[in-house]
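J.: Pasting a structure here, questions to come.
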Amino acid sequence: MINLTQRDLELIAGLRPLVVAQIEHITASFYEAILHVDSLKEIITSHTTVNRLRQTLSNHLIEMFDGYIDEAFIEKRMRIAMVHQKIGLPPKWYMGSFQNLLSALLRIVDDLKDTHPDCPALAQAVTKLLSFEQQLVLEAYEKQTREEEQRAKVIIEYQALHDDLTGLPNRRMLHQSLQETIDQSAEADSRFAVLVLDIDRFKMINDSLGHTYGDRFLQEVSNRIRKSTAGFNVVIARMGGDEFTLICKNVQSDQAFAELATQVVKEIETPYRLQSNDYYVSASIGIAVYPDHGTGVEQLLKNADTAMYEVKKNGKNGFQFFSNELDNQLLLRIELESDLRKAVKQNEFILYYQPQVRASSNEIIGVEALVRWNHPTKGMLSPGIFIPVAEETGLIYDIGTWTLREACKQMKKWHSAGGPLIPVSVNLSSRQFHQANLVEYIRDILQETGLEAKYLELEITESMMMDADLSTEILNKLNDFGVKISLDDFGTGYSSLSYLKLLPIHKLKIDRSFITDITQNTSDQAIVATIISMAKHLNMDVIAEGIETKGQLDFLTENACKEIQGYYFSRPLPATEVEETFFVPYRQTLL
């Protein structure tokens, strides 16, 4: 049975005034599906049965939102259902009517999202109430003398086809609906689309805030998907986790499928209010069209999934149709993943180091460690090719640990050989940053390599600051230990600027996207000048990356950016070249 808690009933009772005010519209949405049952049209036009039932249902709906359910309430609901059965309304009609009723009620709840203190919990309570009602109806349609086991069977069958969290069809029901749609489209020679949707950055919300808020977030997402599909004939299913699948029927043009995907993406990216903070996510959607991209259930789902991963690879927050080219790319990715697992075991990675210099004197003030993969057949591969695969597969932990240890070991070696006492910067992935034992893990590597903590600079991104409480705890521990923190790609993320004054961040790194056109683009000039000024007033260092021309350098120096990194000074170099080019001359000046 659906577990309606006392809290659910209290939330439901709070919605009663709005239900009373809109009762005519709500009951109309419930009986709208009768118009699609041919055998009932005469009843509707010739008798007042439906009007009487509508009034009875209106009274019952108001009682539903009293927030009190007892045996008398249940018995009355089952009597209403039996009347429906007598006038010939089939169980299938009820399924559609309850969906209409649920959608009407959830729209009322959605209108409260800016004023109600716990709108997701209210939506869940309403969903559970309607599921409970629907279960009662299904029971009433069976013989009144059936055994308790028979009643339980109906309920279990319903639960087996629906997601308990969102009330949406689940994977099993989606497969059934998809096969039915394929059969119907084959007979009618029509097209339909399968849209696979994945929420970008959901794991960070779930890991940071916990599963309770993660569940509330997913309920809100499901409500938004429902809202964004208005006007389309769509089946929505939750496949598990943060993955949803949509079947869009009775549409012939790819443009219409694209319009649906655009509506969903736009709705999903509106900020979510959780724990008094705004959280930003986006949606990646892959689209496979029947029969162009497949004629079977598994093929359509697989191809839509492939297209979705291509969206993720290209920056997320959008949609893409499947193509044969994507299929070839998937095969290459599978091959790359297999090779990457071997590379971790066989130690095929090497580190390059890009010098960071003081613009006024060209003096080296630090280096950034950048991992490269020396692939046995493809040669030297940049991180942009394999790091996304490492992130997805979890191999990033092994690669990240090796990178951090190797960078610390190399810098200690340079220090011991009489090189300048400068820090090494190492990028931390989101997964590394959120691992439970991060501080101890970094402390162990520093102790193992002998490098002093003040010579290690960890580069993190703005997206890792989504949960301020968790980020503050981690960064304060690292700061207390002596490790420096640099905020990479500054200005490109979603996070609030408030964390700059709250967190122990030592350096801002201006993203190369603002540097590329800085000599011509006045907007980039204004942004960079503002970042430099802000860093100065917050007593933070600031460094610009991606410097490739003298014009870029001149603008930055004129605006008091003292630290520079980029090809204008040096490309990333192997350790031996860094030593020969920068450290040998340094040691000679000391002789």
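Convention: chains lettered A, B, ... in structure tokens order; per-chain residue numbering from 1; ligands numbered from 1 as shown.
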Mind dumping a table of every region 385-413 of chain A residue within 12 Å of region 311-314 of chain A, with the nearest atom pair and its distance in Å to one decimal, using only C-alpha atoms, sorted by chain and rising number, as CSV?
T.:
residue,atom,partner,partner_atom,distance
A:Ile385,CA,A:Lys313,CA,10.1
A:Phe386,CA,A:Lys313,CA,11.1
A:Ile387,CA,A:Lys313,CA,10.8
A:Pro388,CA,A:Lys313,CA,7.4
A:Val389,CA,A:Lys313,CA,9.3
A:Glu391,CA,A:Lys313,CA,11.3
A:Glu392,CA,A:Lys313,CA,10.6
J.: Enumerate the residues of region 188-336 of chain A with a DSSP assignment of strand (DSSP E), computed from the backbone, and present them as a PyMOL selection string.
T.: chain A and resi 192-200+233-240+243-249+272-274+277-279+282-290+318-321
J.: Please save N, CA and C atoms of the selected residues as a tab-separated table (two decimals), in the first residue's frame.
T.:
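The result, written out as selection-v3.tsv:
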chain	number	residue	atom	x	y	z
A	192	PHE	N	7.64	8.20	-34.59
A	192	PHE	CA	7.62	8.73	-33.22
A	192	PHE	C	9.07	8.82	-32.75
A	193	ALA	N	9.27	9.49	-31.61
A	193	ALA	CA	10.63	9.69	-31.11
A	193	ALA	C	10.77	9.17	-29.70
A	194	VAL	N	11.95	8.64	-29.41
A	194	VAL	CA	12.34	8.26	-28.05
A	194	VAL	C	13.39	9.26	-27.59
A	195	LEU	N	13.13	9.90	-26.47
A	195	LEU	CA	14.05	10.89	-25.91
A	195	LEU	C	14.59	10.37	-24.58
A	196	VAL	N	15.89	10.15	-24.52
A	196	VAL	CA	16.54	9.75	-23.26
A	196	VAL	C	17.15	11.00	-22.63
A	197	LEU	N	16.76	11.25	-21.38
A	197	LEU	CA	17.14	12.49	-20.68
A	197	LEU	C	17.94	12.15	-19.43
A	198	ASP	N	19.05	12.81	-19.26
A	198	ASP	CA	19.88	12.63	-18.07
A	198	ASP	C	20.17	13.99	-17.46
A	199	ILE	N	20.08	14.08	-16.14
A	199	ILE	CA	20.31	15.35	-15.45
A	199	ILE	C	21.80	15.53	-15.22
A	200	ASP	N	22.34	16.62	-15.75
A	200	ASP	CA	23.75	16.92	-15.56
A	200	ASP	C	23.97	17.45	-14.14
A	233	ASN	N	1.78	14.55	-27.21
A	233	ASN	CA	1.32	13.23	-26.79
A	233	ASN	C	2.54	12.45	-26.33
A	234	VAL	N	2.78	12.44	-25.03
A	234	VAL	CA	4.05	11.93	-24.51
A	234	VAL	C	3.81	10.95	-23.36
A	235	VAL	N	4.56	9.87	-23.37
A	235	VAL	CA	4.67	8.97	-22.22
A	235	VAL	C	5.98	9.30	-21.54
A	236	ILE	N	5.93	9.56	-20.23
A	236	ILE	CA	7.14	9.89	-19.47
A	236	ILE	C	7.42	8.77	-18.49
A	237	ALA	N	8.65	8.32	-18.44
A	237	ALA	CA	9.04	7.26	-17.51
A	237	ALA	C	10.33	7.63	-16.80
A	238	ARG	N	10.43	7.21	-15.54
A	238	ARG	CA	11.71	7.34	-14.84
A	238	ARG	C	12.39	5.98	-14.89
A	239	MET	N	13.57	5.97	-15.48
A	239	MET	CA	14.29	4.71	-15.68
A	239	MET	C	15.13	4.32	-14.48
A	240	GLY	N	15.26	5.25	-13.53
A	240	GLY	CA	16.11	5.02	-12.37
A	240	GLY	C	17.10	6.15	-12.21
A	243	GLU	N	17.74	9.46	-14.63
A	243	GLU	CA	17.49	9.23	-16.06
A	243	GLU	C	15.99	9.05	-16.32
A	244	PHE	N	15.49	9.80	-17.28
A	244	PHE	CA	14.10	9.74	-17.69
A	244	PHE	C	14.04	9.44	-19.17
A	245	THR	N	12.95	8.80	-19.60
A	245	THR	CA	12.75	8.52	-21.02
A	245	THR	C	11.35	8.97	-21.42
A	246	LEU	N	11.27	9.60	-22.59
A	246	LEU	CA	10.00	10.08	-23.11
A	246	LEU	C	9.73	9.42	-24.45
A	247	ILE	N	8.48	9.04	-24.68
A	247	ILE	CA	8.03	8.57	-25.99
A	247	ILE	C	7.07	9.63	-26.52
A	248	CYS	N	7.44	10.27	-27.61
A	248	CYS	CA	6.62	11.33	-28.20
A	248	CYS	C	5.94	10.77	-29.45
A	249	LYS	N	4.60	10.69	-29.39
A	249	LYS	CA	3.83	10.05	-30.47
A	249	LYS	C	3.00	11.08	-31.25
A	272	TYR	N	16.89	25.47	-8.79
A	272	TYR	CA	16.13	24.70	-7.81
A	272	TYR	C	16.47	25.22	-6.41
A	273	ARG	N	15.46	25.46	-5.62
A	273	ARG	CA	15.68	25.97	-4.26
A	273	ARG	C	15.75	24.81	-3.29
A	274	LEU	N	16.92	24.54	-2.75
A	274	LEU	CA	17.13	23.45	-1.81
A	274	LEU	C	17.99	23.95	-0.65
A	277	ASN	N	19.30	27.51	-0.71
A	277	ASN	CA	20.24	27.88	-1.76
A	277	ASN	C	19.67	27.53	-3.13
A	278	ASP	N	20.09	28.28	-4.13
A	278	ASP	CA	19.72	27.96	-5.51
A	278	ASP	C	20.75	27.00	-6.09
A	279	TYR	N	20.25	25.92	-6.69
A	279	TYR	CA	21.12	24.94	-7.33
A	279	TYR	C	20.78	24.88	-8.82
A	282	SER	N	21.38	21.04	-15.50
A	282	SER	CA	20.92	21.10	-16.88
A	282	SER	C	20.56	19.69	-17.32
A	283	ALA	N	20.01	19.60	-18.51
A	283	ALA	CA	19.59	18.31	-19.04
A	283	ALA	C	20.31	18.02	-20.35
A	284	SER	N	20.75	16.79	-20.50
A	284	SER	CA	21.29	16.31	-21.77
A	284	SER	C	20.30	15.30	-22.35
A	285	ILE	N	19.87	15.53	-23.59
A	285	ILE	CA	18.82	14.71	-24.20
A	285	ILE	C	19.31	14.14	-25.52
A	286	GLY	N	19.16	12.83	-25.66
A	286	GLY	CA	19.43	12.17	-26.94
A	286	GLY	C	18.13	11.71	-27.56
A	287	ILE	N	18.01	11.86	-28.87
A	287	ILE	CA	16.76	11.55	-29.57
A	287	ILE	C	17.00	10.49	-30.64
A	288	ALA	N	16.19	9.44	-30.62
A	288	ALA	CA	16.18	8.43	-31.68
A	288	ALA	C	14.76	8.39	-32.25
A	289	VAL	N	14.65	8.42	-33.57
A	289	VAL	CA	13.35	8.48	-34.24
A	289	VAL	C	13.05	7.14	-34.91
A	290	TYR	N	11.83	6.65	-34.68
A	290	TYR	CA	11.35	5.44	-35.35
A	290	TYR	C	10.74	5.84	-36.69
A	318	GLY	N	21.63	20.39	-23.55
A	318	GLY	CA	21.12	20.48	-24.91
A	318	GLY	C	20.57	19.14	-25.36
A	319	PHE	N	20.37	19.00	-26.67
A	319	PHE	CA	19.87	17.75	-27.21
A	319	PHE	C	20.55	17.47	-28.54
A	320	GLN	N	20.47	16.22	-28.96
A	320	GLN	CA	21.03	15.83	-30.25
A	320	GLN	C	20.32	14.60	-30.76
A	321	PHE	N	20.12	14.55	-32.09
A	321	PHE	CA	19.56	13.38	-32.73
A	321	PHE	C	20.67	12.35	-32.97
J.: Any idea what's packed within 12 Å of Glu406 (chain A), counting only C-alpha atoms, ignoring anything in its chain fewer than 2 positions away? Could you give it as a VMD selection string?
T.: chain A and resid 347 349 to 353 369 to 371 399 to 404 408 to 413 424 to 426 445 to 446 448 to 451 575
J.: Let's have the selection written as an mmCIF file, in the first residue's frame, with N, CA and C atoms.
T.:
data_model
loop_
_atom_site.group_PDB
_atom_site.id
_atom_site.type_symbol
_atom_site.label_atom_id
_atom_site.label_comp_id
_atom_site.auth_asym_id
_atom_site.auth_seq_id
_atom_site.Cartn_x
_atom_site.Cartn_y
_atom_site.Cartn_z
ATOM 1 N N ASN A 347 50.924 1.943 -16.261
ATOM 2 C CA ASN A 347 51.615 3.210 -15.991
ATOM 3 C C ASN A 347 52.062 3.905 -17.286
ATOM 4 N N PHE A 349 51.082 6.902 -18.203
ATOM 5 C CA PHE A 349 50.902 8.347 -18.099
ATOM 6 C C PHE A 349 52.220 9.041 -17.793
ATOM 7 N N ILE A 350 52.330 10.271 -18.259
ATOM 8 C CA ILE A 350 53.473 11.110 -17.909
ATOM 9 C C ILE A 350 52.938 12.510 -17.587
ATOM 10 N N LEU A 351 53.733 13.274 -16.854
ATOM 11 C CA LEU A 351 53.341 14.640 -16.524
ATOM 12 C C LEU A 351 54.157 15.647 -17.320
ATOM 13 N N TYR A 352 53.443 16.645 -17.851
ATOM 14 C CA TYR A 352 54.071 17.823 -18.418
ATOM 15 C C TYR A 352 53.838 18.961 -17.423
ATOM 16 N N TYR A 353 54.708 19.976 -17.506
ATOM 17 C CA TYR A 353 54.608 21.091 -16.579
ATOM 18 C C TYR A 353 54.635 22.397 -17.363
ATOM 19 N N ALA A 369 50.987 21.110 -13.195
ATOM 20 C CA ALA A 369 51.177 19.738 -13.658
ATOM 21 C C ALA A 369 49.999 19.333 -14.533
ATOM 22 N N LEU A 370 50.301 18.843 -15.721
ATOM 23 C CA LEU A 370 49.270 18.455 -16.683
ATOM 24 C C LEU A 370 49.541 17.033 -17.158
ATOM 25 N N VAL A 371 48.579 16.156 -16.971
ATOM 26 C CA VAL A 371 48.783 14.742 -17.291
ATOM 27 C C VAL A 371 48.629 14.508 -18.785
ATOM 28 N N ILE A 399 43.993 7.844 -11.682
ATOM 29 C CA ILE A 399 44.793 8.789 -12.461
ATOM 30 C C ILE A 399 45.103 10.026 -11.626
ATOM 31 N N GLY A 400 44.090 10.510 -10.873
ATOM 32 C CA GLY A 400 44.297 11.690 -10.043
ATOM 33 C C GLY A 400 45.319 11.454 -8.942
ATOM 34 N N THR A 401 45.261 10.282 -8.322
ATOM 35 C CA THR A 401 46.227 9.950 -7.270
ATOM 36 C C THR A 401 47.635 9.885 -7.833
ATOM 37 N N TRP A 402 47.777 9.239 -8.995
ATOM 38 C CA TRP A 402 49.106 9.145 -9.615
ATOM 39 C C TRP A 402 49.627 10.536 -9.955
ATOM 40 N N THR A 403 48.769 11.383 -10.517
ATOM 41 C CA THR A 403 49.177 12.733 -10.910
ATOM 42 C C THR A 403 49.648 13.533 -9.700
ATOM 43 N N LEU A 404 48.888 13.482 -8.630
ATOM 44 C CA LEU A 404 49.239 14.250 -7.436
ATOM 45 C C LEU A 404 50.551 13.754 -6.830
ATOM 46 N N CYS A 408 54.107 16.003 -6.790
ATOM 47 C CA CYS A 408 54.763 16.320 -5.521
ATOM 48 C C CYS A 408 56.174 15.746 -5.468
ATOM 49 N N LYS A 409 56.305 14.532 -5.980
ATOM 50 C CA LYS A 409 57.623 13.884 -5.996
ATOM 51 C C LYS A 409 58.612 14.679 -6.856
ATOM 52 N N GLN A 410 58.146 15.120 -8.039
ATOM 53 C CA GLN A 410 59.023 15.858 -8.954
ATOM 54 C C GLN A 410 59.416 17.217 -8.377
ATOM 55 N N MET A 411 58.444 17.909 -7.766
ATOM 56 C CA MET A 411 58.762 19.225 -7.205
ATOM 57 C C MET A 411 59.742 19.102 -6.043
ATOM 58 N N LYS A 412 59.584 18.083 -5.200
ATOM 59 C CA LYS A 412 60.535 17.854 -4.113
ATOM 60 C C LYS A 412 61.931 17.562 -4.674
ATOM 61 N N LYS A 413 61.976 16.821 -5.765
ATOM 62 C CA LYS A 413 63.258 16.509 -6.406
ATOM 63 C C LYS A 413 63.930 17.783 -6.885
ATOM 64 N N VAL A 424 53.841 23.687 -7.008
ATOM 65 C CA VAL A 424 53.298 22.982 -8.163
ATOM 66 C C VAL A 424 51.781 22.967 -8.022
ATOM 67 N N SER A 425 51.089 23.289 -9.121
ATOM 68 C CA SER A 425 49.626 23.305 -9.134
ATOM 69 C C SER A 425 49.113 21.998 -9.732
ATOM 70 N N VAL A 426 48.116 21.408 -9.081
ATOM 71 C CA VAL A 426 47.523 20.155 -9.548
ATOM 72 C C VAL A 426 46.001 20.311 -9.564
ATOM 73 N N ILE A 445 50.184 11.753 0.871
ATOM 74 C CA ILE A 445 51.038 11.912 -0.311
ATOM 75 C C ILE A 445 52.160 12.912 -0.026
ATOM 76 N N LEU A 446 51.851 13.988 0.671
ATOM 77 C CA LEU A 446 52.893 14.965 1.006
ATOM 78 C C LEU A 446 53.939 14.355 1.940
ATOM 79 N N GLU A 448 54.666 11.182 2.164
ATOM 80 C CA GLU A 448 55.386 10.158 1.392
ATOM 81 C C GLU A 448 56.448 10.781 0.492
ATOM 82 N N THR A 449 56.131 11.922 -0.140
ATOM 83 C CA THR A 449 57.062 12.537 -1.098
ATOM 84 C C THR A 449 58.016 13.523 -0.440
ATOM 85 N N GLY A 450 57.688 13.979 0.758
ATOM 86 C CA GLY A 450 58.552 14.922 1.456
ATOM 87 C C GLY A 450 58.343 16.368 1.060
ATOM 88 N N LEU A 451 57.345 16.660 0.227
ATOM 89 C CA LEU A 451 57.116 18.042 -0.191
ATOM 90 C C LEU A 451 56.350 18.783 0.903
ATOM 91 N N ALA A 575 59.359 17.075 -17.709
ATOM 92 C CA ALA A 575 60.148 17.509 -16.554
ATOM 93 C C ALA A 575 61.588 17.840 -16.928
#
J.: List as a count of residues only the protein and nucleic acid residues near region 473-490 of chain A, meaning an atom at most 8 Å away when only C-alpha atoms are counted, but skip any in the same chain fewer than 2 places from it.
T.: 27
J.: Measuring between only C-alpha atoms, which one of A:Tyr280, A:Phe322, A:Phe65, A:Tyr568 shows the shortest distance to Gly294 (chain A)?
T.: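 Distance minimum relative to Gly294 (chain A) lands on A:Phe322.
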J.: Given the choices A:Arg372, A:Ala359, A:Thr295, A:Met534, which gets closest to Cys561 (chain A) if the distance is worked out from only C-alpha atoms?
T.: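 Looking only at the distances to Cys561 (chain A), the closest residue turns out to be A:Ala359.
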J.: Kindly indicate which residue among A:Glu24, A:Asp66, A:Glu580, A:Asp339 lies nearest to Arg54 (chain A), using only C-alpha atoms for the distances.
T.: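 Residue with the minimum atom-to-atom distance to Arg54 (chain A): A:Glu24.
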J.: With only C-alpha atoms as the basis for distance, which of A:Thr519, A:Thr557, A:Gln22, A:Ser513 is at the shortest distance from Ile532 (chain A)?
T.: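 Closest to Ile532 (chain A), using only C-alpha atoms: A:Thr557.
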J.: If we count only C-alpha atoms and set the cut-off at 12 Å, which residues sit around Ile74 (chain A), ignoring sequence neighbours fewer than 5 positions away in its own chain? Please answer as a PyMOL selection string.
T.: chain A and resi 60+63-64+68-69+79-81+132-137+139-140
J.: Convert the current residue selection to file output with N, CA, C and O atoms, as a short mmCIF file (atom, residue, chain, number, x, y, z; two decimals), in the first residue's frame.
T.:
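Writing done, so here's result_29.cif:
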data_model
loop_
_atom_site.label_atom_id
_atom_site.label_comp_id
_atom_site.auth_asym_id
_atom_site.auth_seq_id
_atom_site.Cartn_x
_atom_site.Cartn_y
_atom_site.Cartn_z
N HIS A 60 -16.36 14.38 -2.71
CA HIS A 60 -15.34 13.44 -2.22
C HIS A 60 -13.95 14.05 -2.28
O HIS A 60 -13.14 13.86 -1.36
N GLU A 63 -13.38 16.17 0.60
CA GLU A 63 -13.12 15.34 1.77
C GLU A 63 -11.70 14.77 1.73
O GLU A 63 -11.04 14.63 2.77
N MET A 64 -11.21 14.44 0.53
CA MET A 64 -9.85 13.91 0.40
C MET A 64 -8.84 14.87 1.00
O MET A 64 -7.84 14.45 1.61
N TYR A 68 -7.74 13.57 6.49
CA TYR A 68 -8.14 12.51 7.42
C TYR A 68 -8.76 11.37 6.61
O TYR A 68 -9.71 11.58 5.87
N ILE A 69 -8.18 10.18 6.73
CA ILE A 69 -8.66 9.03 5.98
C ILE A 69 -9.00 7.91 6.95
O ILE A 69 -8.14 7.49 7.74
N ARG A 79 -17.51 2.80 -3.25
CA ARG A 79 -18.90 2.83 -3.77
C ARG A 79 -18.97 3.69 -5.04
O ARG A 79 -19.65 3.34 -6.01
N ILE A 80 -18.27 4.82 -5.05
CA ILE A 80 -18.23 5.67 -6.25
C ILE A 80 -17.66 4.89 -7.42
O ILE A 80 -18.17 4.93 -8.55
N ALA A 81 -16.59 4.14 -7.15
CA ALA A 81 -15.95 3.36 -8.21
C ALA A 81 -16.90 2.29 -8.75
O ALA A 81 -16.92 2.01 -9.96
N PHE A 132 -3.00 6.25 -3.92
CA PHE A 132 -3.83 5.53 -2.95
C PHE A 132 -5.27 5.43 -3.45
O PHE A 132 -5.90 4.36 -3.41
N GLU A 133 -5.80 6.53 -3.96
CA GLU A 133 -7.15 6.54 -4.52
C GLU A 133 -7.27 5.55 -5.68
O GLU A 133 -8.24 4.80 -5.78
N GLN A 134 -6.25 5.57 -6.53
CA GLN A 134 -6.30 4.69 -7.70
C GLN A 134 -6.26 3.23 -7.29
O GLN A 134 -6.93 2.38 -7.89
N GLN A 135 -5.52 2.94 -6.27
CA GLN A 135 -5.49 1.56 -5.78
C GLN A 135 -6.87 1.13 -5.26
O GLN A 135 -7.31 0.00 -5.50
N LEU A 136 -7.54 2.06 -4.57
CA LEU A 136 -8.88 1.75 -4.09
C LEU A 136 -9.84 1.44 -5.23
O LEU A 136 -10.66 0.52 -5.17
N VAL A 137 -9.70 2.22 -6.30
CA VAL A 137 -10.57 2.01 -7.46
C VAL A 137 -10.31 0.65 -8.10
O VAL A 137 -11.24 -0.09 -8.44
N GLU A 139 -9.21 -1.94 -6.68
CA GLU A 139 -9.77 -2.97 -5.80
C GLU A 139 -11.29 -3.08 -5.96
O GLU A 139 -11.86 -4.17 -6.00
N ALA A 140 -11.93 -1.90 -6.06
CA ALA A 140 -13.39 -1.90 -6.18
C ALA A 140 -13.87 -2.58 -7.45
O ALA A 140 -15.00 -3.10 -7.49
#
J.: Running DSSP on the backbone, which parts of region 94-214 of chain A land in alpha helix (DSSP H), as a PyMOL selection string?
T.: chain A and resi 94-110+119-140+148-161+171-188+202-209+211-214
J.: Quick one: distance from CA of Lys550 (chain A) to CA of Ser533 (chain A) in Å, one decimal?
T.: 21.5 Å
J.: Rank nothing, just name the residue among A:His116, A:His175, A:Lys266, A:Arg7 nearest to Val297 (chain A), using only C-alpha atoms.
T.: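 For Val297 (chain A), the nearest of the given residues is A:His175.
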J.: At a cut-off of 8 Å, using only C-alpha atoms, what residues contact Gln252 (chain A)? Leave out same-chain residues fewer than 4 positions from it and give the result as a PyMOL selection string.
T.: chain A and resi 190-192+256
J.: Considering only C-alpha atoms, can you say which of A:Thr166, A:His415, A:Ile156, A:Asn427 comes closest to Pro383 (chain A)?
T.: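 Result for the nearest residue to Pro383 (chain A): A:Asn427.
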J.: Report the distance between CA of Leu165 (chain A) and CA of Lys128 (chain A) in Å, rounded to one decimal place.
T.: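 One can read the CA of Leu165 (chain A) to CA of Lys128 (chain A) distance as 8.9 Å.
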